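Dumped run17.cif below, it's mmCIF, C-alpha atoms and all ligand atoms:
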data_structure
loop_
_atom_site.label_atom_id
_atom_site.label_comp_id
_atom_site.auth_asym_id
_atom_site.auth_seq_id
_atom_site.Cartn_x
_atom_site.Cartn_y
_atom_site.Cartn_z
CA MET F 1 133.46 128.46 100.86
CA LYS F 2 131.01 126.14 102.59
CA VAL F 3 128.83 124.29 100.09
CA PRO F 4 125.86 122.22 101.34
CA MET F 5 124.57 119.06 99.65
CA VAL F 6 121.11 120.61 99.21
CA ASP F 7 119.58 123.95 100.20
CA MET F 8 115.88 123.55 100.89
CA LEU F 9 115.47 127.21 101.91
CA ALA F 10 116.77 128.52 98.56
CA GLY F 11 113.82 126.85 96.81
CA TYR F 12 111.38 127.96 99.49
CA ALA F 13 112.08 131.71 99.59
CA PRO F 14 110.56 132.68 96.19
CA ILE F 15 107.27 130.80 96.86
CA LYS F 16 107.05 131.29 100.62
CA ASP F 17 103.88 133.42 100.61
CA GLU F 18 102.02 131.09 98.26
CA ILE F 19 102.97 128.02 100.30
CA GLU F 20 102.06 129.58 103.61
CA ALA F 21 98.67 130.69 102.30
CA ALA F 22 97.96 127.15 101.06
CA VAL F 23 98.95 125.63 104.41
CA LYS F 24 96.81 128.15 106.32
CA ASN F 25 93.89 127.30 104.08
CA VAL F 26 94.16 123.62 105.05
CA PHE F 27 94.49 124.56 108.74
CA ASN F 28 91.37 126.68 108.54
CA LYS F 29 89.39 123.89 106.88
CA ALA F 30 90.96 121.23 109.16
CA ASN F 31 90.51 118.62 106.39
CA PHE F 32 93.82 116.99 107.29
CA ILE F 33 93.15 113.43 106.10
CA LEU F 34 92.40 112.86 102.39
CA GLY F 35 91.12 116.41 101.90
CA GLU F 36 90.29 117.70 98.41
CA GLU F 37 93.86 119.03 98.05
CA VAL F 38 95.03 115.39 97.87
CA THR F 39 92.66 114.59 94.98
CA LYS F 40 93.65 117.82 93.24
CA PHE F 41 97.36 117.04 93.54
CA GLU F 42 96.83 113.45 92.37
CA LYS F 43 95.11 114.71 89.21
CA GLU F 44 97.89 117.22 88.52
CA PHE F 45 100.61 114.65 89.20
CA ALA F 46 99.04 112.04 86.90
CA ALA F 47 98.63 114.68 84.16
CA HIS F 48 102.28 115.68 84.56
CA ASN F 49 103.37 112.05 84.16
CA GLY F 50 101.01 111.19 81.32
CA THR F 51 99.35 108.41 83.33
CA LYS F 52 95.67 107.80 83.91
CA TYR F 53 96.00 107.82 87.71
CA ALA F 54 98.15 108.84 90.64
CA VAL F 55 97.59 107.79 94.25
CA GLY F 56 99.11 109.87 97.06
CA VAL F 57 100.66 107.83 99.88
CA ALA F 58 102.69 108.45 103.04
CA ASN F 59 106.18 108.01 101.55
CA GLY F 60 108.17 106.52 98.68
CA THR F 61 108.84 103.27 100.54
CA ASP F 62 105.15 102.53 101.11
CA ALA F 63 104.62 103.43 97.45
CA ILE F 64 106.87 100.55 96.35
CA ARG F 65 105.32 98.10 98.82
CA MET F 66 101.75 98.88 97.78
CA ALA F 67 102.60 98.95 94.05
CA LEU F 68 104.06 95.44 94.36
CA ILE F 69 100.96 94.12 96.15
CA ALA F 70 98.48 95.87 93.85
CA SER F 71 100.19 94.62 90.73
CA GLY F 72 100.11 91.03 91.97
CA VAL F 73 103.44 90.17 93.63
CA LYS F 74 102.85 87.45 96.21
CA LYS F 75 104.61 85.47 98.94
CA GLY F 76 107.43 83.32 97.55
CA ASP F 77 107.74 85.24 94.27
CA GLU F 78 111.17 86.37 93.14
CA VAL F 79 111.60 90.03 92.26
CA ILE F 80 114.69 91.13 90.35
CA THR F 81 116.14 94.52 91.25
CA SER F 82 119.33 96.54 91.48
CA PRO F 83 121.81 96.03 94.32
CA PHE F 84 122.96 99.62 93.85
CA THR F 85 120.11 101.60 95.40
CA PHE F 86 118.62 102.62 98.73
CA ILE F 87 117.38 99.69 100.82
CA ALA F 88 113.74 100.87 100.45
CA THR F 89 113.77 99.26 97.00
CA SER F 90 114.48 95.78 98.36
CA GLU F 91 113.09 95.82 101.91
CA THR F 92 109.62 96.37 100.45
CA ILE F 93 110.07 93.29 98.24
CA SER F 94 110.79 91.23 101.37
CA GLN F 95 107.94 92.90 103.26
CA VAL F 96 105.39 91.56 100.77
CA GLY F 97 106.82 88.07 101.33
CA ALA F 98 108.75 87.98 98.07
CA ILE F 99 112.49 87.43 97.62
CA PRO F 100 114.75 90.18 96.28
CA VAL F 101 117.12 88.90 93.59
CA PHE F 102 119.95 91.27 92.79
CA ALA F 103 121.20 91.53 89.20
CA ASP F 104 124.38 93.36 88.20
CA ILE F 105 124.52 96.94 86.95
CA ASP F 106 125.87 98.68 83.88
CA PRO F 107 129.34 100.24 84.42
CA VAL F 108 128.41 103.47 82.62
CA THR F 109 124.83 104.19 83.76
CA PHE F 110 125.02 102.34 87.13
CA ASN F 111 121.48 101.11 86.36
CA LEU F 112 120.31 97.48 86.03
CA ASP F 113 122.09 95.60 83.25
CA PRO F 114 119.32 93.91 81.21
CA LYS F 115 121.64 91.01 80.30
CA SER F 116 122.22 90.25 83.96
CA VAL F 117 118.48 90.59 84.66
CA GLU F 118 117.70 87.97 82.03
CA LYS F 119 120.23 85.57 83.58
CA LYS F 120 118.49 85.84 86.97
CA ILE F 121 115.06 84.83 85.69
CA THR F 122 113.67 81.55 87.10
CA SER F 123 110.22 79.93 87.12
CA LYS F 124 109.53 81.90 90.32
CA THR F 125 110.33 85.35 88.91
CA ARG F 126 107.25 87.56 89.05
CA ALA F 127 108.49 91.14 88.72
CA ILE F 128 111.35 93.50 87.92
CA VAL F 129 111.93 96.71 89.90
CA PRO F 130 114.20 98.96 87.82
CA VAL F 131 115.57 101.95 89.74
CA HIS F 132 116.31 105.11 87.76
CA LEU F 133 119.37 105.86 89.87
CA TYR F 134 120.27 109.51 90.57
CA GLY F 135 117.59 110.44 87.99
CA LEU F 136 119.05 108.65 84.95
CA PRO F 137 116.59 106.39 83.07
CA CYS F 138 117.16 102.64 83.01
CA ASP F 139 117.32 100.87 79.64
CA MET F 140 113.53 100.59 79.58
CA ASP F 141 113.31 99.25 76.01
CA ALA F 142 115.34 96.21 77.03
CA ILE F 143 113.63 95.81 80.41
CA MET F 144 110.12 96.01 78.96
CA ALA F 145 111.09 93.49 76.25
CA ILE F 146 112.31 91.04 78.92
CA ALA F 147 109.15 91.61 80.96
CA LYS F 148 106.95 90.98 77.95
CA LYS F 149 108.83 87.83 76.97
CA HIS F 150 108.58 86.35 80.49
CA ASN F 151 105.22 87.85 81.46
CA LEU F 152 106.62 89.89 84.36
CA ILE F 153 105.34 92.91 86.26
CA VAL F 154 107.45 96.09 86.11
CA VAL F 155 107.38 98.56 89.00
CA GLU F 156 109.64 101.54 88.31
CA ASP F 157 111.29 102.96 91.43
CA THR F 158 111.19 106.59 90.34
CA ALA F 159 112.02 108.04 93.79
CA GLN F 160 115.08 109.85 92.40
CA ALA F 161 113.82 110.44 88.90
CA PHE F 162 110.60 112.42 88.79
CA THR F 163 110.80 114.74 85.71
CA GLY F 164 113.26 112.35 84.09
CA LYS F 165 112.22 111.13 80.62
CA TYR F 166 112.97 108.23 78.32
CA LYS F 167 112.46 108.00 74.57
CA LEU F 168 110.66 104.66 74.40
CA GLY F 169 111.44 102.70 71.25
CA GLY F 170 113.53 105.66 70.16
CA THR F 171 110.35 107.52 69.20
CA GLU F 172 108.08 108.43 72.10
CA TRP F 173 109.21 110.57 75.06
CA LYS F 174 107.72 109.11 78.24
CA MET F 175 107.99 110.40 81.79
CA LEU F 176 109.87 107.98 84.03
CA GLY F 177 107.41 105.95 86.09
CA SER F 178 104.86 105.88 83.27
CA ILE F 179 106.39 102.98 81.32
CA GLY F 180 105.94 99.95 83.62
CA HIS F 181 102.73 98.76 85.32
CA CYS F 182 103.34 101.24 88.16
CA GLY F 183 105.76 104.05 88.92
CA THR F 184 106.60 104.91 92.52
CA TYR F 185 107.76 108.33 93.73
CA SER F 186 109.10 109.87 96.93
CA PHE F 187 108.45 113.42 98.09
CA PHE F 188 111.15 113.22 100.78
CA PRO F 189 112.40 116.83 101.05
CA ALA F 190 115.68 116.24 99.17
CA LYS F 191 114.08 114.60 96.09
CA ASN F 192 113.31 116.52 92.88
CA LEU F 193 109.78 117.27 94.08
CA GLY F 194 110.20 117.54 97.84
CA ALA F 195 107.43 117.99 100.39
CA PHE F 196 107.89 119.65 103.78
CA GLY F 197 107.98 116.24 105.42
CA ASP F 198 107.35 112.74 104.10
CA GLY F 199 105.17 111.95 101.12
CA GLY F 200 104.96 109.61 98.16
CA ALA F 201 102.84 108.59 95.18
CA ILE F 202 102.19 105.74 92.78
CA THR F 203 101.17 106.23 89.16
CA THR F 204 99.44 103.69 86.96
CA SER F 205 97.15 103.59 83.95
CA ASP F 206 95.57 100.28 84.99
CA ASP F 207 92.03 100.64 86.41
CA LYS F 208 92.24 97.54 88.60
CA ILE F 209 95.64 98.41 90.08
CA TYR F 210 94.37 101.92 90.78
CA GLU F 211 91.29 100.70 92.66
CA THR F 212 93.41 98.31 94.73
CA LEU F 213 95.94 101.05 95.56
CA LYS F 214 93.20 103.37 96.80
CA GLN F 215 92.02 100.63 99.16
CA LEU F 216 95.48 99.55 100.27
CA ARG F 217 96.52 103.01 101.43
CA ASN F 218 93.40 103.30 103.58
CA HIS F 219 93.09 100.02 105.54
CA GLY F 220 91.63 98.10 102.61
CA SER F 221 88.41 100.06 102.57
CA LYS F 222 86.46 102.10 100.03
CA VAL F 223 83.56 102.77 102.37
CA ARG F 224 84.40 103.50 106.00
CA TYR F 225 84.42 100.37 108.21
CA HIS F 226 83.85 98.08 105.20
CA HIS F 227 87.11 96.22 104.55
CA GLU F 228 87.37 94.05 101.44
CA MET F 229 91.02 93.35 102.30
CA GLU F 230 93.66 94.30 104.84
CA GLY F 231 95.61 97.40 103.95
CA PHE F 232 97.81 100.06 105.48
CA ASN F 233 97.55 103.50 107.01
CA SER F 234 99.53 105.25 104.29
CA ARG F 235 97.84 108.38 103.03
CA LEU F 236 99.43 111.55 101.68
CA ASP F 237 98.73 114.35 104.19
CA THR F 238 96.45 117.12 102.95
CA VAL F 239 98.97 119.76 104.10
CA GLN F 240 101.74 118.10 102.07
CA ALA F 241 99.46 117.77 99.02
CA ALA F 242 98.67 121.51 99.16
CA ILE F 243 102.41 122.29 99.26
CA LEU F 244 103.21 119.79 96.51
CA SER F 245 100.62 121.33 94.13
CA ILE F 246 102.49 124.62 94.35
CA ARG F 247 105.94 123.10 94.05
CA LEU F 248 104.82 120.98 91.08
CA LYS F 249 104.37 124.16 89.01
CA HIS F 250 108.09 124.92 89.42
CA VAL F 251 109.62 121.46 89.20
CA GLU F 252 110.35 121.42 85.45
CA LYS F 253 112.24 124.70 85.76
CA TRP F 254 114.16 123.29 88.74
CA THR F 255 115.15 120.22 86.71
CA GLU F 256 116.42 122.53 83.93
CA MET F 257 118.46 124.39 86.56
CA ARG F 258 119.83 121.07 87.87
CA ASN F 259 120.81 120.14 84.31
CA ALA F 260 122.60 123.49 83.94
CA VAL F 261 124.57 122.80 87.15
CA ALA F 262 125.38 119.32 85.81
CA ASN F 263 126.62 120.76 82.51
CA ALA F 264 128.88 123.21 84.34
CA TYR F 265 130.29 120.43 86.54
CA ALA F 266 130.91 118.23 83.48
CA GLU F 267 132.62 121.03 81.58
CA GLN F 268 134.94 121.87 84.47
CA LEU F 269 135.74 118.24 85.29
CA LYS F 270 136.38 117.11 81.72
CA GLY F 271 139.40 114.79 81.71
CA VAL F 272 139.63 114.88 85.52
CA CYS F 273 137.28 112.02 86.36
CA VAL F 274 134.25 110.29 84.85
CA THR F 275 131.17 112.53 84.86
CA PRO F 276 127.57 111.32 84.33
CA VAL F 277 126.65 110.17 80.85
CA VAL F 278 123.27 111.27 79.50
CA PRO F 279 122.29 109.20 76.43
CA ALA F 280 120.41 110.91 73.58
CA ASN F 281 117.25 108.98 74.48
CA ALA F 282 117.21 110.24 78.07
CA ARG F 283 116.47 113.31 80.14
CA HIS F 284 118.27 113.14 83.49
CA SER F 285 116.50 114.60 86.53
CA PHE F 286 119.83 115.04 88.39
CA ASN F 287 118.52 114.35 91.84
CA TYR F 288 122.16 113.48 92.55
CA TYR F 289 125.37 114.26 90.65
CA THR F 290 127.80 111.37 90.84
CA LEU F 291 131.43 111.13 89.72
CA ARG F 292 133.48 108.02 89.18
CA PHE F 293 137.23 107.79 89.78
CA ASP F 294 139.56 105.17 88.36
CA THR F 295 140.68 103.99 91.79
CA LYS F 296 139.17 103.72 95.26
CA ALA F 297 142.16 105.61 96.70
CA LYS F 298 141.42 108.63 94.50
CA ARG F 299 137.75 108.53 95.46
CA ASP F 300 138.50 108.26 99.17
CA ASN F 301 141.02 111.07 98.89
CA ALA F 302 138.57 113.34 97.09
CA GLN F 303 136.01 112.66 99.77
CA LYS F 304 138.39 113.51 102.60
CA TYR F 305 139.64 116.62 100.84
CA LEU F 306 136.20 118.04 100.08
CA THR F 307 135.04 117.33 103.63
CA GLU F 308 138.06 119.25 104.98
CA GLN F 309 137.13 122.18 102.73
CA GLN F 310 133.57 122.08 104.15
CA ILE F 311 132.16 120.98 100.83
CA ALA F 312 129.36 118.50 101.47
CA ASN F 313 129.60 115.18 99.64
CA GLN F 314 128.15 111.71 99.89
CA ILE F 315 128.68 108.21 98.59
CA TYR F 316 125.43 106.85 97.15
CA TYR F 317 125.88 103.97 98.03
CA PRO F 318 128.97 102.78 99.93
CA ILE F 319 127.74 99.21 100.54
CA ALA F 320 125.64 97.58 97.83
CA LEU F 321 122.57 95.71 99.03
CA HIS F 322 123.83 92.20 98.24
CA LEU F 323 126.67 92.83 100.71
CA GLN F 324 124.54 94.30 103.52
CA GLU F 325 124.14 92.37 106.77
CA ALA F 326 120.36 92.56 106.28
CA TYR F 327 120.77 90.25 103.27
CA ALA F 328 123.36 87.86 104.70
CA HIS F 329 120.68 85.14 104.50
CA LEU F 330 120.72 85.46 100.70
CA GLY F 331 124.41 84.51 100.71
CA GLY F 332 125.68 87.40 98.56
CA LYS F 333 129.42 88.03 98.56
CA ARG F 334 131.98 90.19 96.83
CA GLY F 335 132.58 88.96 93.30
CA ASP F 336 128.98 87.88 92.67
CA LEU F 337 128.11 91.19 91.01
CA PRO F 338 131.54 92.44 89.94
CA VAL F 339 130.44 95.61 88.15
CA CYS F 340 128.46 96.77 91.17
CA ASP F 341 131.38 95.98 93.51
CA ALA F 342 133.75 98.08 91.41
CA VAL F 343 131.30 100.98 91.05
CA MET F 344 130.47 101.30 94.75
CA ASP F 345 134.18 101.59 95.55
CA THR F 346 134.82 104.44 93.12
CA VAL F 347 131.76 106.72 93.04
CA PHE F 348 131.21 109.93 94.88
CA SER F 349 128.39 112.51 94.75
CA LEU F 350 128.76 116.30 94.75
CA PRO F 351 126.37 118.97 96.06
CA MET F 352 123.37 119.25 93.71
CA TYR F 353 120.39 121.58 93.86
CA PRO F 354 118.82 124.04 91.39
CA GLU F 355 120.14 127.25 92.97
CA LEU F 356 123.81 126.22 93.21
CA SER F 357 125.80 129.32 92.11
CA ASP F 358 128.62 129.53 89.57
CA ALA F 359 131.03 130.41 92.39
CA GLN F 360 129.94 127.38 94.41
CA ILE F 361 130.26 125.12 91.37
CA LYS F 362 133.80 126.41 90.76
CA THR F 363 134.72 125.92 94.44
CA VAL F 364 133.55 122.31 94.23
CA THR F 365 135.30 121.43 90.97
CA ASP F 366 138.53 123.18 92.04
CA ALA F 367 138.49 121.05 95.18
CA VAL F 368 137.95 117.85 93.19
CA LYS F 369 140.89 118.74 90.95
CA ALA F 370 143.08 119.70 93.92
CA SER F 371 142.28 116.43 95.67
CA LEU F 372 143.98 114.59 92.82
CA THR F 373 147.20 116.60 93.09
CA VAL F 374 147.67 117.17 96.83
CA GLY F 375 148.56 113.56 97.49
CA ALA F 376 147.02 111.44 100.21
CA VAL F 377 145.12 113.40 102.84
CA LYS F 378 145.34 111.85 106.28
C1 LIG A 1 114.25 107.98 98.65
C2 LIG A 1 114.15 106.66 98.01
C3 LIG A 1 113.14 105.72 98.33
C4 LIG A 1 112.23 105.87 99.50
O1 LIG A 1 111.51 107.03 99.61
P1 LIG A 1 110.98 107.55 101.03
O2 LIG A 1 110.00 108.60 100.68
O3 LIG A 1 112.16 108.08 101.77
O4 LIG A 1 110.35 106.41 101.74
C5 LIG A 1 113.03 104.57 97.57
N1 LIG A 1 113.89 104.31 96.58
C6 LIG A 1 114.90 105.15 96.26
C7 LIG A 1 115.81 104.80 95.13
C8 LIG A 1 115.08 106.35 96.97
O5 LIG A 1 116.08 107.17 96.66
#

Translate the structure of the given file into structure tokens.
Amino acid sequence: MKVPMVDMLAGYAPIKDEIEAAVKNVFNKANFILGEEVTKFEKEFAAHNGTKYAVGVANGTDAIRMALIASGVKKGDEVITSPFTFIATSETISQVGAIPVFADIDPVTFNLDPKSVEKKITSKTRAIVPVHLYGLPCDMDAIMAIAKKHNLIVVEDTAQAFTGKYKLGGTEWKMLGSIGHCGTYSFFPAKNLGAFGDGGAITTSDDKIYETLKQLRNHGSKVRYHHEMEGFNSRLDTVQAAILSIRLKHVEKWTEMRNAVANAYAEQLKGVCVTPVVPANARHSFNYYTLRFDTKAKRDNAQKYLTEQQIANQIYYPIALHLQEAYAHLGGKRGDLPVCDAVMDTVFSLPMYPELSDAQIKTVTDAVKASLTVGAVK
């Protein structure tokens, strides 16, 4: 049985009429740039996250870049982040003139290890960008404590973790992205809340950051042709905002469905390989479902075997950022971040989307089990 990584059409079918009516409505009004649907979606998105504001932007990468600028990261600053993420997290740090500093990750959660973060702090450190990888919350209690102690900005890269939650201080459930100074989100189609194209947002509860973000996304202007600063052309399209408002109403249910798929995977793969850990103080958004094997050979074999069986799979991420050619100038090498090096060699992600059927789940887990007994696949 063929199993895809994601199935965008499965989520579209039940809400097709509603979406198409909303898109037609925008077409008929022709209010394509910053139409009222954008403001409406921003209000709904902020309310969903428990933040004062949300600002719609063109994509999740621009969201990080503008959040860094608006919260005060400047040329020459050092920004500590994870090496085990998509390059958007770090390229935006460089693009604002700052220097990405990679700390090591935790071997169980694959998220930033606060102890390693603390070791990387220098007099130039200005911010931390924790990434809630695959949808699992970072240790935000520890990260916020470090930030407070050293007076640092925290921008949460929540691209994979919208609808994820963290029980701050063990008492208060907070939506991911609402804990630091800013949270950044991607509406790339395959994320938890996907648009029908590119889109992104930034949340904050800080009035000044909010005002700056609104200017930054629109060429640094509040009033047309009056520019208090230079900015970007990075607005959320009205058409995408109209679609996102509809999809937002379903996203919590979809995350529950993703969690049900994850539970079934974990049950069937118990004792076979390491399945994702979800601590009691966390709600996972399961944008991705990632296994860990005890050796690279087993991982590589599982990957080859599933591919042969036409079961989609992916390694997020095969080469950590500190080892990428793009960061050769930073002098990173194998051994610098040993936990990250070991994790990237042994992880492997399975198909994950809300509508994945029991039969598909069984096909996938049977293949993972078989890959460990068939011997090396050529
Ligand atoms: C997807 C993603 C981004 C970038 O989002 P885009 O909308 O594709 O620009 C940033 N960080 C992480 C961790 C992501 O997964």

| said: Neighbours of ligand LIG 1 (chain A) at 10 Å or closer, counting all atoms listed in the file: which residues, as a PyMOL selection string? | reply: chain F and resi 57-64+82+84-92+130-135+156-161+184-191+194-195+197-201+287-288+316

| task | Would you mind telling me which residue in F:Val347, F:Met257, F:Ala242, F:Ile143 lies nearest to Val274 (chain F) when using all atoms listed in the file? | result |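 Looking only at the distances to Val274 (chain F), the closest residue turns out to be F:Val347.
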
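Across F:Phe348, F:Tyr12, F:Tyr317, F:Trp173, the tightest approach to Pro276 (chain F) is made by F:Phe348 when counting only C-alpha atoms.
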
| Selection near Ile15 (chain F), 12 Å with all atoms listed in the file, sequence-local residues under 2 positions removed, as number ranges by chain | F: 8-13, 17-22, 243-250

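CA of Val364 (chain F) is found 8.1 Å from CA of Pro351 (chain F).
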
| task | Rank nothing, just name the residue among F:Arg65, F:His181, F:His322, F:Lys253 nearest to Leu216 (chain F), using all atoms listed in the file. | result |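 Using all atoms listed in the file, Leu216 (chain F) sits closest to F:Arg65.
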
| request: May I have the residues at most 10 Å from (96.7, 109.4, 84.7) in the file's coordinates, counting all atoms listed in the file, as a list in words? | output: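 These residues have at least one counted atom within 10 Å: Glu42, Lys43, Glu44, Phe45, Ala46, Ala47, His48, Asn49, Gly50, Thr51, Lys52, Tyr53, Ala54, Val55, Ser178, Thr203, Thr204, Ser205, Asp206 and Tyr210 of chain F.
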
| query | How many Å separate CA of Gln314 (chain F) from CA of Thr373 (chain F)? | reply |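 Interatomic distance here is 20.8 Å.
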
| Within 6 Å of file point (116.4, 111.5, 78.4), counting all atoms listed in the file, expressed as an MDAnalysis selection string | chainID F and resid 165:166 281:284

| said: Taking 5 positions as the minimum chain separation for residues in the same chain, which residues sit within 6 Å of region 113-129 of chain F when counting all atoms listed in the file? Answer as an NGL selection string. | reply: :F and (77-81 or 103-106 or 152-156)

Near Gln360 (chain F), within 10 Å and counting all atoms listed in the file, which residues show up once chain neighbours fewer than 6 positions away are dropped, as a short mmCIF file (atom, residue, chain, number, x, y, z; two decimals) with C-alpha atoms, keeping the file's coordinate frame?
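Output contents, as saved in selection-v1.cif:
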data_model
loop_
_atom_site.label_atom_id
_atom_site.label_comp_id
_atom_site.auth_asym_id
_atom_site.auth_seq_id
_atom_site.Cartn_x
_atom_site.Cartn_y
_atom_site.Cartn_z
CA MET F 1 133.46 128.46 100.86
CA LYS F 2 131.01 126.14 102.59
CA VAL F 3 128.83 124.29 100.09
CA PRO F 4 125.86 122.22 101.34
CA ILE F 311 132.16 120.98 100.83
CA PRO F 351 126.37 118.97 96.06
CA ASP F 366 138.53 123.18 92.04
#
